[in-house]
Amino acid sequence: MLAKRIIPCLDVTDGRVVKGVNFVELKDAGDPVEIARRYNEAGADELTFLDITATSDNRDLILHIIEAVASEVFIPLTVGGGVRAVADVQRLLNAGADKVGINTSAVLNPQLVKDAADRYGSQCIVVAIDSKRVGDHWEVFTHGGRTATGLDAVEWAKKMANLGAGELLLTSMDRDGTKSGFDLELTRAISDAVDIPIIASGGVGNLQHLVDGIREGHADAVLAASIFHFGEYGVDEAKRYMKQHGIEVRL
Amino acid sequence: MSVDIAVIDYGMGNLRSVSKAIEHVAPAMTVVVTSDPGVIAGAGRVVFPGQGAAPDCMREIDARGLRQVIIDVAHSKPFLGICMGMQVLFEHSEEGDTACLGILPGTVQRFPAEAMVDAEGNKLKVPHMGWNNVHQTSAHPLWAGIEEGERFYFVHSYFVQPAMPDVIAGFSHYPFPFTCAVAAANIFAVQFHPEKSHNAGMALLGNFVTWNPGEAEAASDMSGAACT
């Protein structure tokens, strides 16, 4: 039976992982390769790297990281952040990424999603949707949640799936950083509206939230950063908890 | 330069993961990613990966003049098909109504929308993406050291339906059983991605790089699976 996936997310800036990572005896807490290796050993089903490098000068550093990680960590790697053109998708794939996340640029230029999917296949195009509740619906935001777009999140998700996205990474900006759990209503609304897999993100504070995201939110995968980075829970521990609650996982 | 392993590059997606994984399990071997028919024909063994859509794959294979060499090496060398590189070995794909290589008899079809519901009534997504159990139906050398039911990483919307059940080497469930591995003489082909399947995937690739299908076995097994 297909397992639900747990995906740790690493924020990378200027070639270093930011946010403390609390692995025991980690020699260098900011080394993306060592962190990726540890997550892999702990049973992560995939890894997502979000490049939050502010200056274009250091953008290429992510390519070196992906090359190094892809040479020794043989699970799917997704990279997002700063993808503006098909050429960016190509550079990341050539470096060893398996999937590329497109967020703000999908809103500015939806054709990019279609062009990239046509060229490299839907399986490697993940459209990231940042959404906030506005009145009785959810709206898409860009630029890290700062810019409202006026787009309805459910309709936008359907449009992205139709243009060729292979997967959607859905982040609730209302819940992100709150540790109060996923926005289950939002996750379910989008997951039920499209046929492609949904990765739920934003708000995980404990292991029950992961279970809820799948059971109540109908997510196909759950992404989390801080609960893993700060060592509150291990990926293996999260999987055992999910299994105890009747969720199919890869152990 | 003598090439131990050729990874066929026909412009369909990213082959770096495949070549890196093979280099990892075969550090002493020469691995090249190539679209040169001469290099492919001269290699000791061949890996045929692929991502994307069937019509594009077939078009790109022909645009690079690779059809004949793929057919030749599939009949003569240890040959590993991965994902789209498995699907196009068959005769026809429902994806874009595409005539494929016809090296193995059978067809490729999409997960039918009406069947995509699990036992609890939940909708199943297509593509089938993630880690699923692979059940082995034969004691093939490429399964050596890999547990029955081990999980491998999948991402696909279409699956193969071999005309001859004796080529089936493994199956998975989504939600019904579908063929995810086939074996015929010196061909082994999988729907999942061994290069992304951590230890189990590395075990399978490691088995491939040392696999020596017997010549007698090759001749007799291929008689029923003649190229069309």
# chains A, B, ... in the order shown; residues from 1 in each chain; ligands from 1
>>> select_by_dssp(residues="segment 19-189 of chain A", states="helix (DSSP H, G or I)", output="PyMOL selection string")
chain A and resi 32-41+56-58+61-70+86-95+104-108+111-120+122-124+153-163+184-189
>>> closest_atom_pairs(of="chain B", to="chain A", cutoff="6 Å", atoms="only C-alpha atoms", output="Markdown table")
| residue | atom | partner | partner_atom | distance |
| --- | --- | --- | --- | --- |
| B:Gly13 | CA | A:Tyr120 | CA | 5.2 |
| B:Asn14 | CA | A:Leu93 | CA | 6.0 |
| B:Arg16 | CA | A:Gly96 | CA | 5.8 |
| B:Ser17 | CA | A:Gly96 | CA | 5.8 |
| B:Lys20 | CA | A:Ser71 | CA | 5.8 |
| B:Gly52 | CA | A:Gly121 | CA | 4.2 |
| B:Lys125 | CA | A:Asp195 | CA | 5.0 |
| B:Val126 | CA | A:Ile196 | CA | 5.5 |
| B:Trp131 | CA | A:Ala3 | CA | 5.6 |
| B:Asn132 | CA | A:Leu2 | CA | 4.4 |
| B:Lys196 | CA | A:Ile75 | CA | 4.4 |
| B:Ser197 | CA | A:Ile75 | CA | 5.8 |
| B:His198 | CA | A:Phe74 | CA | 4.9 |
>>> write_last_selection(atoms="N, CA, C and O atoms", output="CSV table (one decimal), in the first residue's frame")
chain,number,residue,atom,x,y,z
B,13,GLY,N,14.2,14.3,-19.5
B,13,GLY,CA,14.4,14.5,-18.1
B,13,GLY,C,15.8,14.3,-17.6
B,13,GLY,O,16.8,14.2,-18.4
B,14,ASN,N,15.9,14.3,-16.4
B,14,ASN,CA,17.2,14.5,-15.7
B,14,ASN,C,17.8,13.1,-15.4
B,14,ASN,O,17.2,12.3,-14.8
B,16,ARG,N,20.9,12.7,-14.1
B,16,ARG,CA,22.0,12.8,-13.1
B,16,ARG,C,21.7,11.9,-12.0
B,16,ARG,O,22.7,11.2,-11.5
B,17,SER,N,20.5,11.8,-11.5
B,17,SER,CA,20.2,10.9,-10.3
B,17,SER,C,20.6,9.5,-10.7
B,17,SER,O,21.1,8.8,-9.9
B,20,LYS,N,24.5,9.1,-11.0
B,20,LYS,CA,25.1,9.2,-9.7
B,20,LYS,C,24.8,7.9,-8.8
B,20,LYS,O,25.7,7.4,-8.1
B,52,GLY,N,8.7,11.9,-18.3
B,52,GLY,CA,7.9,12.6,-19.2
B,52,GLY,C,6.8,11.8,-19.9
B,52,GLY,O,6.4,10.8,-19.4
B,125,LYS,N,-4.9,9.5,-5.5
B,125,LYS,CA,-4.4,10.5,-6.5
B,125,LYS,C,-3.6,9.9,-7.6
B,125,LYS,O,-3.0,8.8,-7.4
B,126,VAL,N,-3.6,10.5,-8.7
B,126,VAL,CA,-2.8,10.1,-9.9
B,126,VAL,C,-2.0,11.4,-10.3
B,126,VAL,O,-2.7,12.4,-10.5
B,131,TRP,N,6.2,5.9,-1.8
B,131,TRP,CA,6.8,4.7,-1.5
B,131,TRP,C,5.8,3.6,-1.4
B,131,TRP,O,4.9,3.6,-0.5
B,132,ASN,N,5.9,2.6,-2.3
B,132,ASN,CA,4.9,1.5,-2.2
B,132,ASN,C,5.6,0.1,-2.2
B,132,ASN,O,6.8,0.0,-2.6
B,196,LYS,N,16.2,6.4,-6.6
B,196,LYS,CA,15.6,7.3,-5.6
B,196,LYS,C,15.1,6.4,-4.4
B,196,LYS,O,14.3,7.0,-3.6
B,197,SER,N,15.4,5.2,-4.4
B,197,SER,CA,14.8,4.3,-3.4
B,197,SER,C,15.7,3.8,-2.4
B,197,SER,O,15.6,2.7,-1.8
B,198,HIS,N,16.6,4.7,-2.0
B,198,HIS,CA,17.5,4.5,-0.8
B,198,HIS,C,18.1,3.1,-0.8
B,198,HIS,O,18.6,2.6,-1.9
>>> select_by_dssp(residues="segment 103-173 of chain B", states="strand (DSSP E)", output="PyMOL selection string")
chain B and resi 106-110+128-133+135-136+151-156+158-162+168-173
>>> residues_around(residues="segment 108-119 of chain B", least_positions_apart="5", cutoff="6 Å", atoms="only C-alpha atoms", output="list in words")
Ser93, Glu94, Leu124, Ser157, Tyr158, Phe159, Val160 and Gln161 of chain B
>>> write_last_selection(atoms="all heavy atoms", output="PDB file, in the first residue's frame")
ATOM      1  N   SER B  93       1.301   2.606 -26.041  1.00  0.00           N
ATOM      2  CA  SER B  93       0.879   3.313 -24.834  1.00  0.00           C
ATOM      3  C   SER B  93      -0.388   4.110 -25.102  1.00  0.00           C
ATOM      4  O   SER B  93      -0.511   4.777 -26.135  1.00  0.00           O
ATOM      5  CB  SER B  93       1.970   4.270 -24.346  1.00  0.00           C
ATOM      6  OG  SER B  93       1.480   5.021 -23.242  1.00  0.00           O
ATOM      7  N   GLU B  94      -1.291   4.021 -24.124  1.00  0.00           N
ATOM      8  CA  GLU B  94      -2.531   4.788 -24.191  1.00  0.00           C
ATOM      9  C   GLU B  94      -2.222   6.290 -24.116  1.00  0.00           C
ATOM     10  O   GLU B  94      -3.007   7.118 -24.564  1.00  0.00           O
ATOM     11  CB  GLU B  94      -3.359   4.374 -22.970  1.00  0.00           C
ATOM     12  CG  GLU B  94      -4.804   4.700 -22.993  1.00  0.00           C
ATOM     13  CD  GLU B  94      -5.464   4.136 -21.731  1.00  0.00           C
ATOM     14  OE1 GLU B  94      -5.797   2.936 -21.730  1.00  0.00           O
ATOM     15  OE2 GLU B  94      -5.647   4.890 -20.758  1.00  0.00           O
ATOM     16  N   LEU B 124      -7.919   8.152  -4.426  1.00  0.00           N
ATOM     17  CA  LEU B 124      -6.480   7.949  -4.640  1.00  0.00           C
ATOM     18  C   LEU B 124      -6.011   8.885  -5.754  1.00  0.00           C
ATOM     19  O   LEU B 124      -6.657   8.994  -6.794  1.00  0.00           O
ATOM     20  CB  LEU B 124      -6.194   6.499  -5.017  1.00  0.00           C
ATOM     21  CG  LEU B 124      -6.466   5.455  -3.925  1.00  0.00           C
ATOM     22  CD1 LEU B 124      -6.279   4.052  -4.476  1.00  0.00           C
ATOM     23  CD2 LEU B 124      -5.566   5.679  -2.721  1.00  0.00           C
ATOM     24  N   SER B 157       1.762   7.794 -13.857  1.00  0.00           N
ATOM     25  CA  SER B 157       0.306   7.785 -14.051  1.00  0.00           C
ATOM     26  C   SER B 157      -0.144   6.637 -14.934  1.00  0.00           C
ATOM     27  O   SER B 157      -1.340   6.398 -15.083  1.00  0.00           O
ATOM     28  CB  SER B 157      -0.134   9.102 -14.693  1.00  0.00           C
ATOM     29  OG  SER B 157       0.243  10.188 -13.880  1.00  0.00           O
ATOM     30  N   TYR B 158       0.819   5.963 -15.555  1.00  0.00           N
ATOM     31  CA  TYR B 158       0.532   4.855 -16.477  1.00  0.00           C
ATOM     32  C   TYR B 158       1.277   3.615 -16.000  1.00  0.00           C
ATOM     33  O   TYR B 158       2.320   3.727 -15.333  1.00  0.00           O
ATOM     34  CB  TYR B 158       0.984   5.204 -17.900  1.00  0.00           C
ATOM     35  CG  TYR B 158       0.159   6.303 -18.537  1.00  0.00           C
ATOM     36  CD1 TYR B 158       0.367   7.629 -18.183  1.00  0.00           C
ATOM     37  CD2 TYR B 158      -0.835   6.011 -19.470  1.00  0.00           C
ATOM     38  CE1 TYR B 158      -0.395   8.648 -18.730  1.00  0.00           C
ATOM     39  CE2 TYR B 158      -1.597   7.020 -20.040  1.00  0.00           C
ATOM     40  CZ  TYR B 158      -1.375   8.331 -19.662  1.00  0.00           C
ATOM     41  OH  TYR B 158      -2.132   9.336 -20.216  1.00  0.00           O
ATOM     42  N   PHE B 159       0.762   2.435 -16.342  1.00  0.00           N
ATOM     43  CA  PHE B 159       1.431   1.197 -15.940  1.00  0.00           C
ATOM     44  C   PHE B 159       1.362   0.196 -17.089  1.00  0.00           C
ATOM     45  O   PHE B 159       0.501   0.288 -17.962  1.00  0.00           O
ATOM     46  CB  PHE B 159       0.786   0.614 -14.676  1.00  0.00           C
ATOM     47  CG  PHE B 159      -0.665   0.271 -14.822  1.00  0.00           C
ATOM     48  CD1 PHE B 159      -1.057  -1.027 -15.146  1.00  0.00           C
ATOM     49  CD2 PHE B 159      -1.642   1.233 -14.649  1.00  0.00           C
ATOM     50  CE1 PHE B 159      -2.399  -1.344 -15.294  1.00  0.00           C
ATOM     51  CE2 PHE B 159      -2.985   0.920 -14.800  1.00  0.00           C
ATOM     52  CZ  PHE B 159      -3.359  -0.370 -15.124  1.00  0.00           C
ATOM     53  N   VAL B 160       2.269  -0.786 -17.079  1.00  0.00           N
ATOM     54  CA  VAL B 160       2.334  -1.742 -18.189  1.00  0.00           C
ATOM     55  C   VAL B 160       1.409  -2.926 -17.944  1.00  0.00           C
ATOM     56  O   VAL B 160       1.167  -3.324 -16.807  1.00  0.00           O
ATOM     57  CB  VAL B 160       3.775  -2.259 -18.428  1.00  0.00           C
ATOM     58  CG1 VAL B 160       4.716  -1.096 -18.719  1.00  0.00           C
ATOM     59  CG2 VAL B 160       4.279  -3.089 -17.261  1.00  0.00           C
ATOM     60  N   GLN B 161       0.888  -3.445 -19.045  1.00  0.00           N
ATOM     61  CA  GLN B 161       0.093  -4.669 -19.014  1.00  0.00           C
ATOM     62  C   GLN B 161       0.717  -5.654 -20.006  1.00  0.00           C
ATOM     63  O   GLN B 161       0.369  -5.673 -21.194  1.00  0.00           O
ATOM     64  CB  GLN B 161      -1.342  -4.370 -19.392  1.00  0.00           C
ATOM     65  CG  GLN B 161      -2.061  -3.589 -18.308  1.00  0.00           C
ATOM     66  CD  GLN B 161      -3.545  -3.815 -18.353  1.00  0.00           C
ATOM     67  OE1 GLN B 161      -4.185  -3.500 -19.357  1.00  0.00           O
ATOM     68  NE2 GLN B 161      -4.102  -4.364 -17.294  1.00  0.00           N
TER      69      GLN B 161
END
>>> residues_around(residues="Ala181 of chain B", least_positions_apart="2", cutoff="9 Å", atoms="only C-alpha atoms", output="list in words")
Met86, Val134, Gln136, Val167, Ile168, Ala169, Gly170, Phe171, Thr179, Ala183, Phe188, Ala189, Val190, Gln191 and Phe192 of chain B
>>> write_last_selection(atoms="N, CA, C and O atoms", output="compact mmCIF listing (two decimals), in the first residue's frame")
# COMPACT_ATOMS: atom_id res chain seq x y z
N MET B 86 10.82 1.64 -19.07
CA MET B 86 10.13 0.36 -19.03
C MET B 86 8.92 0.40 -19.96
O MET B 86 8.71 -0.49 -20.79
N VAL B 134 6.71 -3.52 -3.10
CA VAL B 134 6.92 -4.28 -4.33
C VAL B 134 6.97 -5.77 -3.99
O VAL B 134 7.78 -6.20 -3.17
N GLN B 136 7.57 -9.55 -5.14
CA GLN B 136 8.39 -10.26 -6.13
C GLN B 136 7.68 -11.53 -6.55
O GLN B 136 7.24 -12.30 -5.70
N VAL B 167 6.53 -12.77 -18.11
CA VAL B 167 7.57 -11.74 -17.98
C VAL B 167 7.43 -10.95 -16.67
O VAL B 167 8.31 -10.18 -16.31
N ILE B 168 6.31 -11.14 -15.97
CA ILE B 168 6.09 -10.35 -14.76
C ILE B 168 7.05 -10.80 -13.65
O ILE B 168 7.12 -11.99 -13.33
N ALA B 169 7.80 -9.85 -13.11
CA ALA B 169 8.76 -10.17 -12.05
C ALA B 169 8.35 -9.55 -10.72
O ALA B 169 8.88 -9.90 -9.67
N GLY B 170 7.40 -8.60 -10.78
CA GLY B 170 6.97 -7.97 -9.55
C GLY B 170 5.71 -7.15 -9.77
O GLY B 170 5.44 -6.72 -10.89
N PHE B 171 4.96 -6.99 -8.68
CA PHE B 171 3.76 -6.16 -8.79
C PHE B 171 3.59 -5.33 -7.53
O PHE B 171 4.22 -5.58 -6.50
N THR B 179 1.55 -4.49 -12.65
CA THR B 179 2.91 -4.96 -12.87
C THR B 179 3.89 -3.81 -12.70
O THR B 179 3.75 -2.77 -13.35
N ALA B 183 10.82 -9.13 -16.40
CA ALA B 183 12.12 -9.73 -16.70
C ALA B 183 11.94 -10.64 -17.90
O ALA B 183 11.01 -11.45 -17.93
N PHE B 188 15.68 -6.42 -17.68
CA PHE B 188 14.93 -6.24 -16.44
C PHE B 188 14.44 -4.81 -16.48
O PHE B 188 15.18 -3.90 -16.84
N ALA B 189 13.18 -4.61 -16.16
CA ALA B 189 12.65 -3.25 -16.24
C ALA B 189 11.68 -3.01 -15.09
O ALA B 189 10.93 -3.91 -14.70
N VAL B 190 11.75 -1.81 -14.54
CA VAL B 190 10.95 -1.48 -13.36
C VAL B 190 10.22 -0.15 -13.55
O VAL B 190 10.73 0.77 -14.19
N GLN B 191 9.03 -0.09 -12.98
CA GLN B 191 8.26 1.15 -13.03
C GLN B 191 8.73 2.14 -11.97
O GLN B 191 8.69 3.35 -12.17
N PHE B 192 9.21 1.63 -10.86
CA PHE B 192 9.68 2.51 -9.77
C PHE B 192 11.07 3.04 -10.09
O PHE B 192 11.69 2.67 -11.09
>>> residues_around(residues="Leu101 of chain B", least_positions_apart="6", cutoff="7 Å", atoms="only C-alpha atoms", output="NGL selection string")
:B and (88-91)
>>> write_last_selection(atoms="N, CA and C atoms", output="mmCIF file, in the first residue's frame")
data_model
loop_
_atom_site.group_PDB
_atom_site.id
_atom_site.type_symbol
_atom_site.label_atom_id
_atom_site.label_comp_id
_atom_site.auth_asym_id
_atom_site.auth_seq_id
_atom_site.Cartn_x
_atom_site.Cartn_y
_atom_site.Cartn_z
ATOM 1 N N VAL B 88 8.073 2.173 -22.616
ATOM 2 C CA VAL B 88 8.206 2.208 -24.077
ATOM 3 C C VAL B 88 8.811 0.926 -24.659
ATOM 4 N N LEU B 89 9.197 -0.014 -23.791
ATOM 5 C CA LEU B 89 9.623 -1.326 -24.301
ATOM 6 C C LEU B 89 8.431 -2.100 -24.870
ATOM 7 N N PHE B 90 7.219 -1.731 -24.446
ATOM 8 C CA PHE B 90 6.022 -2.473 -24.874
ATOM 9 C C PHE B 90 5.525 -1.949 -26.231
ATOM 10 N N GLU B 91 4.407 -2.504 -26.680
ATOM 11 C CA GLU B 91 4.006 -2.217 -28.062
ATOM 12 C C GLU B 91 3.297 -0.874 -28.236
#
>>> atom_distance(atom1="atom CA of Gly50 of chain B", atom2="atom CA of Leu50 of chain A")
26.2 Å
>>> closest_residue(among="B:Pro165, B:Gly102, B:Gly44, B:Pro175", to="Lys123 of chain B", atoms="only C-alpha atoms")
B:Pro175
>>> closest_residue(among="B:His173, B:Leu15, B:Ala54, B:Val209", to="Pro27 of chain B", atoms="only C-alpha atoms")
B:Val209
>>> closest_residue(among="A:Arg59, A:Arg146, A:Lys243, A:Arg84", to="Val100 of chain A", atoms="only C-alpha atoms")
A:Arg84
